[in-house]
file work06.cif (mmCIF, C-alpha atoms, pLDDT in the B column; chains and numbers go by the auth columns)
data_upload
loop_
_atom_site.group_PDB
_atom_site.id
_atom_site.type_symbol
_atom_site.label_atom_id
_atom_site.label_comp_id
_atom_site.label_asym_id
_atom_site.label_seq_id
_atom_site.Cartn_x
_atom_site.Cartn_y
_atom_site.Cartn_z
_atom_site.B_iso_or_equiv
_atom_site.auth_seq_id
_atom_site.auth_asym_id
ATOM 1 C CA MET A 1 -19.605 65.899 33.229 37.00 1 F
ATOM 2 C CA PRO A 2 -19.445 68.626 35.924 42.00 2 F
ATOM 3 C CA GLU A 3 -17.226 68.064 38.944 46.00 3 F
ATOM 4 C CA LEU A 4 -18.881 66.942 42.152 48.00 4 F
ATOM 5 C CA ARG A 5 -18.112 69.443 44.893 51.00 5 F
ATOM 6 C CA PHE A 6 -19.040 69.128 48.556 53.00 6 F
ATOM 7 C CA ASP A 7 -18.736 72.631 49.950 52.00 7 F
ATOM 8 C CA ASP A 8 -21.928 72.926 52.020 52.00 8 F
ATOM 9 C CA GLY A 9 -21.190 71.085 55.248 51.00 9 F
ATOM 10 C CA ALA A 10 -24.693 71.526 56.689 62.00 10 F
ATOM 11 C CA ALA A 11 -26.411 70.122 53.596 63.00 11 F
ATOM 12 C CA TYR A 12 -23.937 67.264 53.331 65.00 12 F
ATOM 13 C CA GLU A 13 -24.571 66.441 56.977 68.00 13 F
ATOM 14 C CA GLN A 14 -28.301 66.004 56.368 67.00 14 F
ATOM 15 C CA VAL A 15 -27.825 63.818 53.308 72.00 15 F
ATOM 16 C CA MET A 16 -24.646 61.787 53.604 77.00 16 F
ATOM 17 C CA GLY A 17 -23.461 62.536 57.115 74.00 17 F
ATOM 18 C CA VAL A 18 -26.297 60.509 58.634 84.00 18 F
ATOM 19 C CA TRP A 19 -25.670 57.609 56.266 87.00 19 F
ATOM 20 C CA SER A 20 -21.923 57.779 56.903 84.00 20 F
ATOM 21 C CA ARG A 21 -22.331 57.543 60.667 87.00 21 F
ATOM 22 C CA SER A 22 -24.575 54.494 60.341 92.00 22 F
ATOM 23 C CA VAL A 23 -21.906 52.674 58.349 95.00 23 F
ATOM 24 C CA GLY A 24 -19.112 54.131 60.448 95.00 24 F
ATOM 25 C CA GLU A 25 -20.454 52.689 63.677 96.00 25 F
ATOM 26 C CA VAL A 26 -20.455 49.166 62.231 97.00 26 F
ATOM 27 C CA PHE A 27 -17.063 49.800 60.645 98.00 27 F
ATOM 28 C CA LEU A 28 -15.418 50.826 63.926 98.00 28 F
ATOM 29 C CA ASP A 29 -16.989 47.904 65.778 97.00 29 F
ATOM 30 C CA TRP A 30 -15.452 45.661 63.110 98.00 30 F
ATOM 31 C CA LEU A 31 -12.004 47.256 63.380 98.00 31 F
ATOM 32 C CA LYS A 32 -11.928 47.014 67.199 97.00 32 F
ATOM 33 C CA PRO A 33 -9.145 49.613 67.512 97.00 33 F
ATOM 34 C CA ALA A 34 -7.186 49.965 70.730 97.00 34 F
ATOM 35 C CA PRO A 35 -7.668 53.169 72.761 97.00 35 F
ATOM 36 C CA GLY A 36 -5.132 55.966 72.711 98.00 36 F
ATOM 37 C CA LEU A 37 -4.257 55.777 69.011 98.00 37 F
ATOM 38 C CA ARG A 38 -3.191 58.733 66.867 98.00 38 F
ATOM 39 C CA TRP A 39 -5.724 58.880 63.986 98.00 39 F
ATOM 40 C CA ILE A 40 -5.897 60.631 60.639 98.00 40 F
ATOM 41 C CA ASP A 41 -9.271 60.848 58.863 98.00 41 F
ATOM 42 C CA VAL A 42 -8.564 61.639 55.207 98.00 42 F
ATOM 43 C CA GLY A 43 -11.420 63.255 53.282 95.00 43 F
ATOM 44 C CA CYS A 44 -13.152 63.961 56.588 94.00 44 F
ATOM 45 C CA GLY A 45 -15.697 66.313 55.007 89.00 45 F
ATOM 46 C CA SER A 46 -18.204 67.592 57.552 87.00 46 F
ATOM 47 C CA GLY A 47 -16.554 65.561 60.310 92.00 47 F
ATOM 48 C CA ALA A 48 -19.285 62.929 60.647 89.00 48 F
ATOM 49 C CA PHE A 49 -16.858 60.029 60.839 93.00 49 F
ATOM 50 C CA THR A 50 -14.241 62.036 62.754 95.00 50 F
ATOM 51 C CA GLU A 51 -16.834 62.606 65.455 94.00 51 F
ATOM 52 C CA LEU A 52 -17.398 58.849 65.667 95.00 52 F
ATOM 53 C CA ILE A 53 -13.676 58.242 66.180 97.00 53 F
ATOM 54 C CA VAL A 54 -13.665 60.720 69.055 96.00 54 F
ATOM 55 C CA ALA A 55 -16.821 59.271 70.592 95.00 55 F
ATOM 56 C CA ARG A 56 -16.097 55.564 70.230 95.00 56 F
ATOM 57 C CA CYS A 57 -12.326 55.031 70.074 97.00 57 F
ATOM 58 C CA ALA A 58 -10.828 57.082 72.942 97.00 58 F
ATOM 59 C CA PRO A 59 -8.145 58.394 70.562 98.00 59 F
ATOM 60 C CA GLY A 60 -4.929 59.987 71.693 98.00 60 F
ATOM 61 C CA ALA A 61 -5.175 62.497 68.839 98.00 61 F
ATOM 62 C CA VAL A 62 -7.259 62.964 65.676 98.00 62 F
ATOM 63 C CA HIS A 63 -6.471 64.928 62.523 98.00 63 F
ATOM 64 C CA GLY A 64 -9.097 65.516 59.841 97.00 64 F
ATOM 65 C CA ILE A 65 -7.965 66.382 56.305 97.00 65 F
ATOM 66 C CA ASP A 66 -10.214 67.617 53.483 95.00 66 F
ATOM 67 C CA PRO A 67 -9.839 69.836 50.397 93.00 67 F
ATOM 68 C CA SER A 68 -13.039 71.810 51.171 90.00 68 F
ATOM 69 C CA GLU A 69 -12.708 74.657 53.653 91.00 69 F
ATOM 70 C CA GLY A 70 -16.509 74.890 53.694 88.00 70 F
ATOM 71 C CA GLN A 71 -16.783 71.322 54.929 88.00 71 F
ATOM 72 C CA LEU A 72 -14.010 71.831 57.461 93.00 72 F
ATOM 73 C CA ALA A 73 -15.694 74.955 58.830 92.00 73 F
ATOM 74 C CA PHE A 74 -18.753 72.830 59.596 90.00 74 F
ATOM 75 C CA ALA A 75 -16.616 70.040 61.078 92.00 75 F
ATOM 76 C CA ARG A 76 -15.017 72.492 63.512 94.00 76 F
ATOM 77 C CA THR A 77 -18.451 73.367 64.938 92.00 77 F
ATOM 78 C CA ARG A 78 -19.183 69.770 65.979 91.00 78 F
ATOM 79 C CA PRO A 79 -19.250 69.545 69.794 91.00 79 F
ATOM 80 C CA GLY A 80 -18.563 65.803 69.511 90.00 80 F
ATOM 81 C CA ALA A 81 -15.391 66.416 67.500 90.00 81 F
ATOM 82 C CA ARG A 82 -13.850 68.731 70.068 88.00 82 F
ATOM 83 C CA GLY A 83 -10.137 68.086 70.292 91.00 83 F
ATOM 84 C CA ALA A 84 -9.820 67.000 66.659 96.00 84 F
ATOM 85 C CA VAL A 85 -7.599 69.151 64.445 97.00 85 F
ATOM 86 C CA PHE A 86 -9.036 69.930 61.000 97.00 86 F
ATOM 87 C CA GLN A 87 -6.999 71.268 58.090 96.00 87 F
ATOM 88 C CA THR A 88 -7.065 71.418 54.314 96.00 88 F
ATOM 89 C CA GLY A 89 -5.034 68.826 52.486 95.00 89 F
ATOM 90 C CA ASP A 90 -4.719 66.556 49.463 96.00 90 F
ATOM 91 C CA ALA A 91 -5.433 62.839 49.897 96.00 91 F
ATOM 92 C CA MET A 92 -2.655 62.073 47.412 97.00 92 F
ATOM 93 C CA ALA A 93 -0.031 64.206 49.197 97.00 93 F
ATOM 94 C CA LEU A 94 -0.700 64.226 52.926 97.00 94 F
ATOM 95 C CA PRO A 95 1.084 67.035 54.806 95.00 95 F
ATOM 96 C CA PHE A 96 2.679 64.745 57.393 97.00 96 F
ATOM 97 C CA PRO A 97 5.954 62.834 57.680 98.00 97 F
ATOM 98 C CA MET A 98 6.224 59.074 57.721 97.00 98 F
ATOM 99 C CA ALA A 99 4.941 57.184 60.770 97.00 99 F
ATOM 100 C CA SER A 100 2.969 60.150 62.149 98.00 100 F
ATOM 101 C CA PHE A 101 -0.122 58.105 63.033 98.00 101 F
ATOM 102 C CA ASP A 102 -1.232 54.754 64.409 98.00 102 F
ATOM 103 C CA ALA A 103 -4.375 54.564 62.257 98.00 103 F
ATOM 104 C CA ALA A 104 -5.214 56.116 58.877 98.00 104 F
ATOM 105 C CA VAL A 105 -8.782 55.929 57.610 98.00 105 F
ATOM 106 C CA THR A 106 -10.774 57.308 54.718 97.00 106 F
ATOM 107 C CA ALA A 107 -14.568 57.128 54.642 95.00 107 F
ATOM 108 C CA LEU A 108 -16.648 57.401 51.432 93.00 108 F
ATOM 109 C CA VAL A 109 -13.787 59.119 49.621 94.00 109 F
ATOM 110 C CA LEU A 110 -11.798 56.922 47.235 96.00 110 F
ATOM 111 C CA VAL A 111 -14.197 57.202 44.257 95.00 111 F
ATOM 112 C CA PHE A 112 -13.532 60.966 44.235 93.00 112 F
ATOM 113 C CA VAL A 113 -9.729 60.775 44.335 95.00 113 F
ATOM 114 C CA PRO A 114 -8.016 61.045 40.917 95.00 114 F
ATOM 115 C CA ASP A 115 -5.560 58.288 41.858 97.00 115 F
ATOM 116 C CA ALA A 116 -6.993 56.063 44.597 97.00 116 F
ATOM 117 C CA SER A 117 -3.936 53.832 44.621 97.00 117 F
ATOM 118 C CA LYS A 118 -1.695 56.828 45.326 97.00 118 F
ATOM 119 C CA SER A 119 -4.026 57.910 48.132 98.00 119 F
ATOM 120 C CA VAL A 120 -3.865 54.490 49.795 98.00 120 F
ATOM 121 C CA ALA A 121 -0.078 54.550 49.463 98.00 121 F
ATOM 122 C CA GLU A 122 -0.128 57.887 51.307 98.00 122 F
ATOM 123 C CA LEU A 123 -2.280 56.397 54.074 98.00 123 F
ATOM 124 C CA ALA A 124 0.280 53.617 54.438 98.00 124 F
ATOM 125 C CA ARG A 125 3.182 56.088 54.412 98.00 125 F
ATOM 126 C CA VAL A 126 1.914 58.191 57.307 98.00 126 F
ATOM 127 C CA VAL A 127 1.168 55.278 59.674 98.00 127 F
ATOM 128 C CA ARG A 128 3.825 53.652 61.820 98.00 128 F
ATOM 129 C CA PRO A 129 4.980 50.072 61.195 98.00 129 F
ATOM 130 C CA GLY A 130 2.180 47.825 62.405 98.00 130 F
ATOM 131 C CA GLY A 131 -0.301 50.685 61.983 98.00 131 F
ATOM 132 C CA LEU A 132 -3.865 50.334 60.705 98.00 132 F
ATOM 133 C CA VAL A 133 -5.058 51.498 57.256 98.00 133 F
ATOM 134 C CA ALA A 134 -8.788 51.156 56.628 98.00 134 F
ATOM 135 C CA SER A 135 -11.651 52.485 54.523 98.00 135 F
ATOM 136 C CA TYR A 136 -15.281 52.057 53.627 97.00 136 F
ATOM 137 C CA MET A 137 -16.923 53.052 50.356 96.00 137 F
ATOM 138 C CA TRP A 138 -20.456 52.714 49.012 96.00 138 F
ATOM 139 C CA ASP A 139 -20.900 49.817 46.580 97.00 139 F
ATOM 140 C CA MET A 140 -21.348 52.220 43.677 95.00 140 F
ATOM 141 C CA LEU A 141 -21.431 49.538 40.976 95.00 141 F
ATOM 142 C CA GLY A 142 -23.640 47.067 42.821 94.00 142 F
ATOM 143 C CA GLY A 143 -26.599 49.257 43.745 93.00 143 F
ATOM 144 C CA GLY A 144 -25.466 50.121 47.259 95.00 144 F
ATOM 145 C CA PHE A 145 -25.430 53.931 46.953 94.00 145 F
ATOM 146 C CA PRO A 146 -28.074 55.631 49.156 93.00 146 F
ATOM 147 C CA LEU A 147 -29.165 57.965 46.340 93.00 147 F
ATOM 148 C CA ASP A 148 -29.749 55.168 43.811 94.00 148 F
ATOM 149 C CA PRO A 149 -33.580 55.310 44.110 94.00 149 F
ATOM 150 C CA ILE A 150 -33.464 58.871 42.751 95.00 150 F
ATOM 151 C CA ILE A 151 -30.493 58.541 40.403 94.00 151 F
ATOM 152 C CA ASN A 152 -31.866 55.415 38.712 94.00 152 F
ATOM 153 C CA GLU A 153 -35.135 57.155 37.863 96.00 153 F
ATOM 154 C CA MET A 154 -33.306 60.254 36.657 95.00 154 F
ATOM 155 C CA HIS A 155 -31.368 58.064 34.232 94.00 155 F
ATOM 156 C CA ALA A 156 -34.628 56.418 33.111 96.00 156 F
ATOM 157 C CA MET A 157 -35.957 59.892 32.253 96.00 157 F
ATOM 158 C CA GLY A 158 -32.842 60.702 30.206 95.00 158 F
ATOM 159 C CA LEU A 159 -31.379 63.011 32.842 93.00 159 F
ATOM 160 C CA SER A 160 -27.706 63.119 33.813 87.00 160 F
ATOM 161 C CA PRO A 161 -27.041 63.400 37.534 87.00 161 F
ATOM 162 C CA THR A 162 -23.386 63.812 38.395 82.00 162 F
ATOM 163 C CA ARG A 163 -21.722 60.600 39.490 83.00 163 F
ATOM 164 C CA PRO A 164 -18.362 60.153 41.230 86.00 164 F
ATOM 165 C CA PRO A 165 -15.603 60.051 38.607 89.00 165 F
ATOM 166 C CA HIS A 166 -14.023 56.760 39.714 93.00 166 F
ATOM 167 C CA MET A 167 -16.852 54.469 40.786 94.00 167 F
ATOM 168 C CA GLU A 168 -14.768 51.427 39.892 96.00 168 F
ATOM 169 C CA ALA A 169 -12.675 52.154 42.995 96.00 169 F
ATOM 170 C CA SER A 170 -15.605 51.092 45.180 97.00 170 F
ATOM 171 C CA SER A 171 -15.507 47.379 44.352 97.00 171 F
ATOM 172 C CA LEU A 172 -14.033 44.956 46.863 97.00 172 F
ATOM 173 C CA ALA A 173 -11.628 43.702 44.186 97.00 173 F
ATOM 174 C CA ALA A 174 -10.362 47.224 43.508 97.00 174 F
ATOM 175 C CA LEU A 175 -9.987 48.027 47.193 98.00 175 F
ATOM 176 C CA HIS A 176 -8.106 44.790 47.778 97.00 176 F
ATOM 177 C CA GLY A 177 -5.789 45.691 44.895 98.00 177 F
ATOM 178 C CA PHE A 178 -5.041 49.143 46.341 98.00 178 F
ATOM 179 C CA TRP A 179 -4.192 47.658 49.745 98.00 179 F
ATOM 180 C CA ARG A 180 -1.925 45.016 48.216 98.00 180 F
ATOM 181 C CA ALA A 181 -0.175 47.581 46.008 98.00 181 F
ATOM 182 C CA ALA A 182 0.524 49.702 49.100 98.00 182 F
ATOM 183 C CA GLY A 183 2.295 46.730 50.676 98.00 183 F
ATOM 184 C CA LEU A 184 -0.294 46.299 53.421 98.00 184 F
ATOM 185 C CA GLN A 185 -0.758 42.951 55.116 98.00 185 F
ATOM 186 C CA GLN A 186 -3.420 41.141 57.167 98.00 186 F
ATOM 187 C CA ILE A 187 -5.992 42.494 54.699 98.00 187 F
ATOM 188 C CA GLN A 188 -9.629 41.907 55.611 98.00 188 F
ATOM 189 C CA THR A 189 -12.812 42.957 53.805 98.00 189 F
ATOM 190 C CA ARG A 190 -16.530 42.898 54.498 97.00 190 F
ATOM 191 C CA GLU A 191 -19.850 44.300 53.326 98.00 191 F
ATOM 192 C CA ILE A 192 -21.848 46.600 55.604 98.00 192 F
ATOM 193 C CA THR A 193 -25.577 47.103 55.014 97.00 193 F
ATOM 194 C CA VAL A 194 -27.410 49.887 56.829 97.00 194 F
ATOM 195 C CA GLN A 195 -30.925 51.330 56.818 96.00 195 F
ATOM 196 C CA ARG A 196 -32.396 54.776 57.284 95.00 196 F
ATOM 197 C CA THR A 197 -36.039 55.561 58.000 96.00 197 F
ATOM 198 C CA PHE A 198 -37.778 58.745 56.877 95.00 198 F
ATOM 199 C CA ALA A 199 -41.064 59.973 58.384 96.00 199 F
ATOM 200 C CA ASP A 200 -42.689 60.075 54.947 96.00 200 F
ATOM 201 C CA PHE A 201 -41.908 60.570 51.268 96.00 201 F
ATOM 202 C CA ASP A 202 -41.673 64.348 51.664 96.00 202 F
ATOM 203 C CA GLU A 203 -38.907 64.004 54.220 95.00 203 F
ATOM 204 C CA PHE A 204 -37.094 61.489 52.037 95.00 204 F
ATOM 205 C CA TRP A 205 -37.324 63.789 49.024 96.00 205 F
ATOM 206 C CA ASN A 206 -36.374 66.985 50.849 92.00 206 F
ATOM 207 C CA VAL A 207 -33.305 65.372 52.414 91.00 207 F
ATOM 208 C CA GLU A 208 -31.983 63.108 49.671 91.00 208 F
ATOM 209 C CA THR A 209 -32.284 65.691 46.879 92.00 209 F
ATOM 210 C CA LYS A 210 -29.885 68.079 48.638 87.00 210 F
ATOM 211 C CA ALA A 211 -26.935 66.050 47.396 85.00 211 F
ATOM 212 C CA PRO A 212 -24.697 67.851 44.859 83.00 212 F
ATOM 213 C CA SER A 213 -25.051 64.896 42.491 84.00 213 F
ATOM 214 C CA THR A 214 -28.773 65.559 42.027 89.00 214 F
ATOM 215 C CA ALA A 215 -29.659 69.014 43.377 89.00 215 F
ATOM 216 C CA PRO A 216 -28.449 71.152 40.423 90.00 216 F
ATOM 217 C CA VAL A 217 -30.178 68.907 37.864 93.00 217 F
ATOM 218 C CA ILE A 218 -33.468 68.891 39.751 95.00 218 F
ATOM 219 C CA ALA A 219 -33.308 72.656 40.303 94.00 219 F
ATOM 220 C CA ALA A 220 -33.080 73.176 36.524 94.00 220 F
ATOM 221 C CA MET A 221 -35.987 70.848 35.683 95.00 221 F
ATOM 222 C CA PRO A 222 -39.477 72.090 34.759 96.00 222 F
ATOM 223 C CA ALA A 223 -41.990 71.595 37.579 97.00 223 F
ATOM 224 C CA ALA A 224 -43.883 68.976 35.582 97.00 224 F
ATOM 225 C CA ASP A 225 -40.732 66.898 35.156 97.00 225 F
ATOM 226 C CA VAL A 226 -39.931 67.184 38.843 97.00 226 F
ATOM 227 C CA GLY A 227 -43.425 65.925 39.586 97.00 227 F
ATOM 228 C CA GLU A 228 -42.922 62.975 37.249 97.00 228 F
ATOM 229 C CA LEU A 229 -39.579 62.157 38.863 97.00 229 F
ATOM 230 C CA MET A 230 -41.166 62.251 42.319 97.00 230 F
ATOM 231 C CA GLN A 231 -43.906 59.887 41.189 97.00 231 F
ATOM 232 C CA ARG A 232 -41.428 57.485 39.628 97.00 232 F
ATOM 233 C CA VAL A 233 -39.223 57.440 42.727 97.00 233 F
ATOM 234 C CA GLY A 234 -42.182 57.090 45.077 95.00 234 F
ATOM 235 C CA ALA A 235 -43.490 54.106 43.135 95.00 235 F
ATOM 236 C CA HIS A 236 -40.364 52.145 44.078 92.00 236 F
ATOM 237 C CA LEU A 237 -40.336 53.064 47.765 94.00 237 F
ATOM 238 C CA ALA A 238 -42.476 50.992 50.117 90.00 238 F
ATOM 239 C CA ALA A 239 -44.094 52.878 53.011 92.00 239 F
ATOM 240 C CA ASP A 240 -45.340 51.255 56.205 95.00 240 F
ATOM 241 C CA THR A 241 -48.817 51.811 57.617 94.00 241 F
ATOM 242 C CA ASP A 242 -47.692 55.106 59.166 95.00 242 F
ATOM 243 C CA GLY A 243 -46.187 56.332 55.907 94.00 243 F
ATOM 244 C CA ARG A 244 -42.592 55.829 56.993 97.00 244 F
ATOM 245 C CA ILE A 245 -40.084 54.869 54.303 97.00 245 F
ATOM 246 C CA THR A 246 -37.051 52.740 55.116 96.00 246 F
ATOM 247 C CA CYS A 247 -34.165 52.672 52.635 95.00 247 F
ATOM 248 C CA SER A 248 -31.074 50.480 52.578 96.00 248 F
ATOM 249 C CA ALA A 249 -27.521 51.134 51.456 96.00 249 F
ATOM 250 C CA ARG A 250 -24.459 48.921 51.255 97.00 250 F
ATOM 251 C CA ALA A 251 -20.777 49.712 51.686 97.00 251 F
ATOM 252 C CA HIS A 252 -17.554 47.817 51.163 98.00 252 F
ATOM 253 C CA ALA A 253 -15.039 47.944 54.012 98.00 253 F
ATOM 254 C CA ILE A 254 -11.354 47.028 54.064 98.00 254 F
ATOM 255 C CA SER A 255 -8.539 47.071 56.586 98.00 255 F
ATOM 256 C CA GLY A 256 -4.861 46.162 56.588 98.00 256 F
ATOM 257 C CA ARG A 257 -1.645 46.622 58.541 98.00 257 F
ATOM 258 C CA LYS A 258 1.637 48.222 57.588 98.00 258 F
ATOM 259 C CA PRO A 259 4.449 45.672 57.852 97.00 259 F
ATOM 260 C CA GLY A 260 6.844 46.190 60.705 89.00 260 F
#

call {"tool": "encode", "arguments": {"input": "work06.cif", "output": "structure tokens"}}
result
Amino acid sequence: MPELRFDDGAAYEQVMGVWSRSVGEVFLDWLKPAPGLRWIDVGCGSGAFTELIVARCAPGAVHGIDPSEGQLAFARTRPGARGAVFQTGDAMALPFPMASFDAAVTALVLVFVPDASKSVAELARVVRPGGLVASYMWDMLGGGFPLDPIINEMHAMGLSPTRPPHMEASSLAALHGFWRAAGLQQIQTREITVQRTFADFDEFWNVETKAPSTAPVIAAMPAADVGELMQRVGAHLAADTDGRITCSARAHAISGRKPG
């Protein structure tokens, strides 16, 4: 199976950035972080969640880490993320010493990390004693992924969209295990359900098919097969009287504290 790569920050912003912010707002309201904290956003991508930290948490400092320079280049253009420092880095080997931050977060990332447990251990390492470690991840195994309406029909047609390599890391049980293994305490979890409304099916299709999990497969399909896929997907999406389509997605969230 080909590797999923997120190098186009602008395209990612249209597809997953909007979804991520919707979940991120609920997530930050749930965390209720104090102002003035030093934050690290691991796997920050296009900076969608980083921008939320800046806007909603009055941080003392924010670092965004991601392996994709293309994503980081987009993140640096965000007016709302001004003041955040973005740099390339590996989620399993963060380029910071122990106790560098008050809060370490990772949003929609752990299913892409080769060793999620090692990544969570790194989050715990770089926060101070008493510091916050938190994450949210789409419920990939329970039908919570925003692209499921398209991906499910692609599978039904015998197609093979690219899926994250470690979807099992998205379950609440797995997340809880990672947090325990990292020695974190005061662990809390919750589900977050969000919705997104598109003006019509065309907008839904044009936006949601830009994702790297589906775009290359659809681009290689004969026009007749693309038409069939569109019909199959549309048959499962209910439109209101004005043609608007509202879709739901569900994420799992977790937080914990470093002992100290």

call {"tool": "residues_near_point", "arguments": {"input": "work06.cif", "point": "(-25.6, 50.6, 46.4)", "cutoff": "9 Å", "atoms": "only C-alpha atoms", "output": "list of chain:residue names"}}
result
F:Trp138, F:Asp139, F:Met140, F:Leu141, F:Gly142, F:Gly143, F:Gly144, F:Phe145, F:Pro146, F:Leu147, F:Asp148, F:Ser248, F:Ala249, F:Arg250, F:Ala251

call {"tool": "atom_distance", "arguments": {"input": "work06.cif", "atom1": "atom CA of Leu52 of chain F", "atom2": "atom CA of Ala134 of chain F"}}
result
14.7 Å

call {"tool": "atom_distance", "arguments": {"input": "work06.cif", "atom1": "atom CA of Ser119 of chain F", "atom2": "atom CA of Val42 of chain F"}}
result
9.2 Å

call {"tool": "resolve_selection", "arguments": {"input": "work06.cif", "expression": "the PyMOL selection byres ((chain F and resi 124) around 10)", "output": "number ranges by chain"}}
result
F: 98-99, 101, 103-105, 118-123, 125-129, 131-134, 179, 182-184, 256-259

call {"tool": "resolve_selection", "arguments": {"input": "work06.cif", "expression": "the PyMOL selection byres ((chain F and resi 49) around 12)", "output": "PDB file with C-alpha atoms, in the frame of the given file"}}
result
ATOM      1  CA  GLU F  13     -24.571  66.441  56.977  1.00 68.00           C
ATOM      2  CA  MET F  16     -24.646  61.787  53.604  1.00 77.00           C
ATOM      3  CA  GLY F  17     -23.461  62.536  57.115  1.00 74.00           C
ATOM      4  CA  VAL F  18     -26.297  60.509  58.634  1.00 84.00           C
ATOM      5  CA  TRP F  19     -25.670  57.609  56.266  1.00 87.00           C
ATOM      6  CA  SER F  20     -21.923  57.779  56.903  1.00 84.00           C
ATOM      7  CA  ARG F  21     -22.331  57.543  60.667  1.00 87.00           C
ATOM      8  CA  SER F  22     -24.575  54.494  60.341  1.00 92.00           C
ATOM      9  CA  VAL F  23     -21.906  52.674  58.349  1.00 95.00           C
ATOM     10  CA  GLY F  24     -19.112  54.131  60.448  1.00 95.00           C
ATOM     11  CA  GLU F  25     -20.454  52.689  63.677  1.00 96.00           C
ATOM     12  CA  VAL F  26     -20.455  49.166  62.231  1.00 97.00           C
ATOM     13  CA  PHE F  27     -17.063  49.800  60.645  1.00 98.00           C
ATOM     14  CA  LEU F  28     -15.418  50.826  63.926  1.00 98.00           C
ATOM     15  CA  TRP F  39      -5.724  58.880  63.986  1.00 98.00           C
ATOM     16  CA  ILE F  40      -5.897  60.631  60.639  1.00 98.00           C
ATOM     17  CA  ASP F  41      -9.271  60.848  58.863  1.00 98.00           C
ATOM     18  CA  VAL F  42      -8.564  61.639  55.207  1.00 98.00           C
ATOM     19  CA  GLY F  43     -11.420  63.255  53.282  1.00 95.00           C
ATOM     20  CA  CYS F  44     -13.152  63.961  56.588  1.00 94.00           C
ATOM     21  CA  GLY F  45     -15.697  66.313  55.007  1.00 89.00           C
ATOM     22  CA  SER F  46     -18.204  67.592  57.552  1.00 87.00           C
ATOM     23  CA  GLY F  47     -16.554  65.561  60.310  1.00 92.00           C
ATOM     24  CA  ALA F  48     -19.285  62.929  60.647  1.00 89.00           C
ATOM     25  CA  THR F  50     -14.241  62.036  62.754  1.00 95.00           C
ATOM     26  CA  GLU F  51     -16.834  62.606  65.455  1.00 94.00           C
ATOM     27  CA  LEU F  52     -17.398  58.849  65.667  1.00 95.00           C
ATOM     28  CA  ILE F  53     -13.676  58.242  66.180  1.00 97.00           C
ATOM     29  CA  VAL F  54     -13.665  60.720  69.055  1.00 96.00           C
ATOM     30  CA  ALA F  55     -16.821  59.271  70.592  1.00 95.00           C
ATOM     31  CA  ARG F  56     -16.097  55.564  70.230  1.00 95.00           C
ATOM     32  CA  CYS F  57     -12.326  55.031  70.074  1.00 97.00           C
ATOM     33  CA  VAL F  62      -7.259  62.964  65.676  1.00 98.00           C
ATOM     34  CA  HIS F  63      -6.471  64.928  62.523  1.00 98.00           C
ATOM     35  CA  GLY F  64      -9.097  65.516  59.841  1.00 97.00           C
ATOM     36  CA  ILE F  65      -7.965  66.382  56.305  1.00 97.00           C
ATOM     37  CA  ALA F  75     -16.616  70.040  61.078  1.00 92.00           C
ATOM     38  CA  ARG F  78     -19.183  69.770  65.979  1.00 91.00           C
ATOM     39  CA  GLY F  80     -18.563  65.803  69.511  1.00 90.00           C
ATOM     40  CA  ALA F  81     -15.391  66.416  67.500  1.00 90.00           C
ATOM     41  CA  ALA F  84      -9.820  67.000  66.659  1.00 96.00           C
ATOM     42  CA  VAL F 105      -8.782  55.929  57.610  1.00 98.00           C
ATOM     43  CA  THR F 106     -10.774  57.308  54.718  1.00 97.00           C
ATOM     44  CA  ALA F 107     -14.568  57.128  54.642  1.00 95.00           C
ATOM     45  CA  LEU F 108     -16.648  57.401  51.432  1.00 93.00           C
ATOM     46  CA  VAL F 109     -13.787  59.119  49.621  1.00 94.00           C
ATOM     47  CA  SER F 135     -11.651  52.485  54.523  1.00 98.00           C
ATOM     48  CA  TYR F 136     -15.281  52.057  53.627  1.00 97.00           C
TER      49      TYR F 136
END

call {"tool": "atom_distance", "arguments": {"input": "work06.cif", "atom1": "atom CA of Asp240 of chain F", "atom2": "atom CA of Thr197 of chain F"}}
result
10.4 Å

call {"tool": "closest_residue", "arguments": {"input": "work06.cif", "among": "F:Phe86, F:Arg163, F:Pro59, F:Val15", "to": "Thr209 of chain F", "atoms": "only C-alpha atoms"}}
result
F:Val15

call {"tool": "closest_residue", "arguments": {"input": "work06.cif", "among": "F:Gln87, F:Gln195, F:Asn206, F:Thr214", "to": "Ser160 of chain F", "atoms": "all atoms listed in the file"}}
result
F:Thr214

call {"tool": "resolve_selection", "arguments": {"input": "work06.cif", "expression": "the PyMOL selection byres ((chain F and resi 162) around 12)", "output": "list in words"}}
result
Met1, Pro2, Glu3, Leu4, Arg5, Phe112, Leu147, Ile151, Asn152, Met154, His155, Leu159, Ser160, Pro161, Arg163, Pro164, Pro165, His166, Met167, Ala211, Pro212, Ser213, Thr214, Ala215, Pro216, Val217 and Ile218 of chain F

call {"tool": "closest_residue", "arguments": {"input": "work06.cif", "among": "F:Phe74, F:Glu228, F:Gln186, F:Asp102", "to": "Ala34 of chain F", "atoms": "all atoms listed in the file"}}
result
F:Asp102

call {"tool": "closest_residue", "arguments": {"input": "work06.cif", "among": "F:Ala156, F:Ser117, F:Arg196, F:Arg232", "to": "Gly177 of chain F", "atoms": "all atoms listed in the file"}}
result
F:Ser117

call {"tool": "axis_aligned_box", "arguments": {"input": "work06.cif", "around": "segment 40-45 of chain F", "padding_each_side": "8 Å", "output": "JSON"}}
result
{"center_x": -10.8, "center_y": 63.5, "center_z": 57.0, "size_x": 25.8, "size_y": 21.7, "size_z": 23.4}

call {"tool": "closest_residue", "arguments": {"input": "work06.cif", "among": "F:Ile187, F:Met230, F:Met221, F:Ala253", "to": "Ser171 of chain F", "atoms": "only C-alpha atoms"}}
result
F:Ala253

call {"tool": "residues_near_point", "arguments": {"input": "work06.cif", "point": "(-42.7, 51.4, 44.9)", "cutoff": "12 Å", "atoms": "only C-alpha atoms", "output": "list in words"}}
result
Pro149, Glu153, Phe201, Met230, Gln231, Arg232, Val233, Gly234, Ala235, His236, Leu237, Ala238, Ala239, Asp240, Ile245, Thr246 and Cys247 of chain F
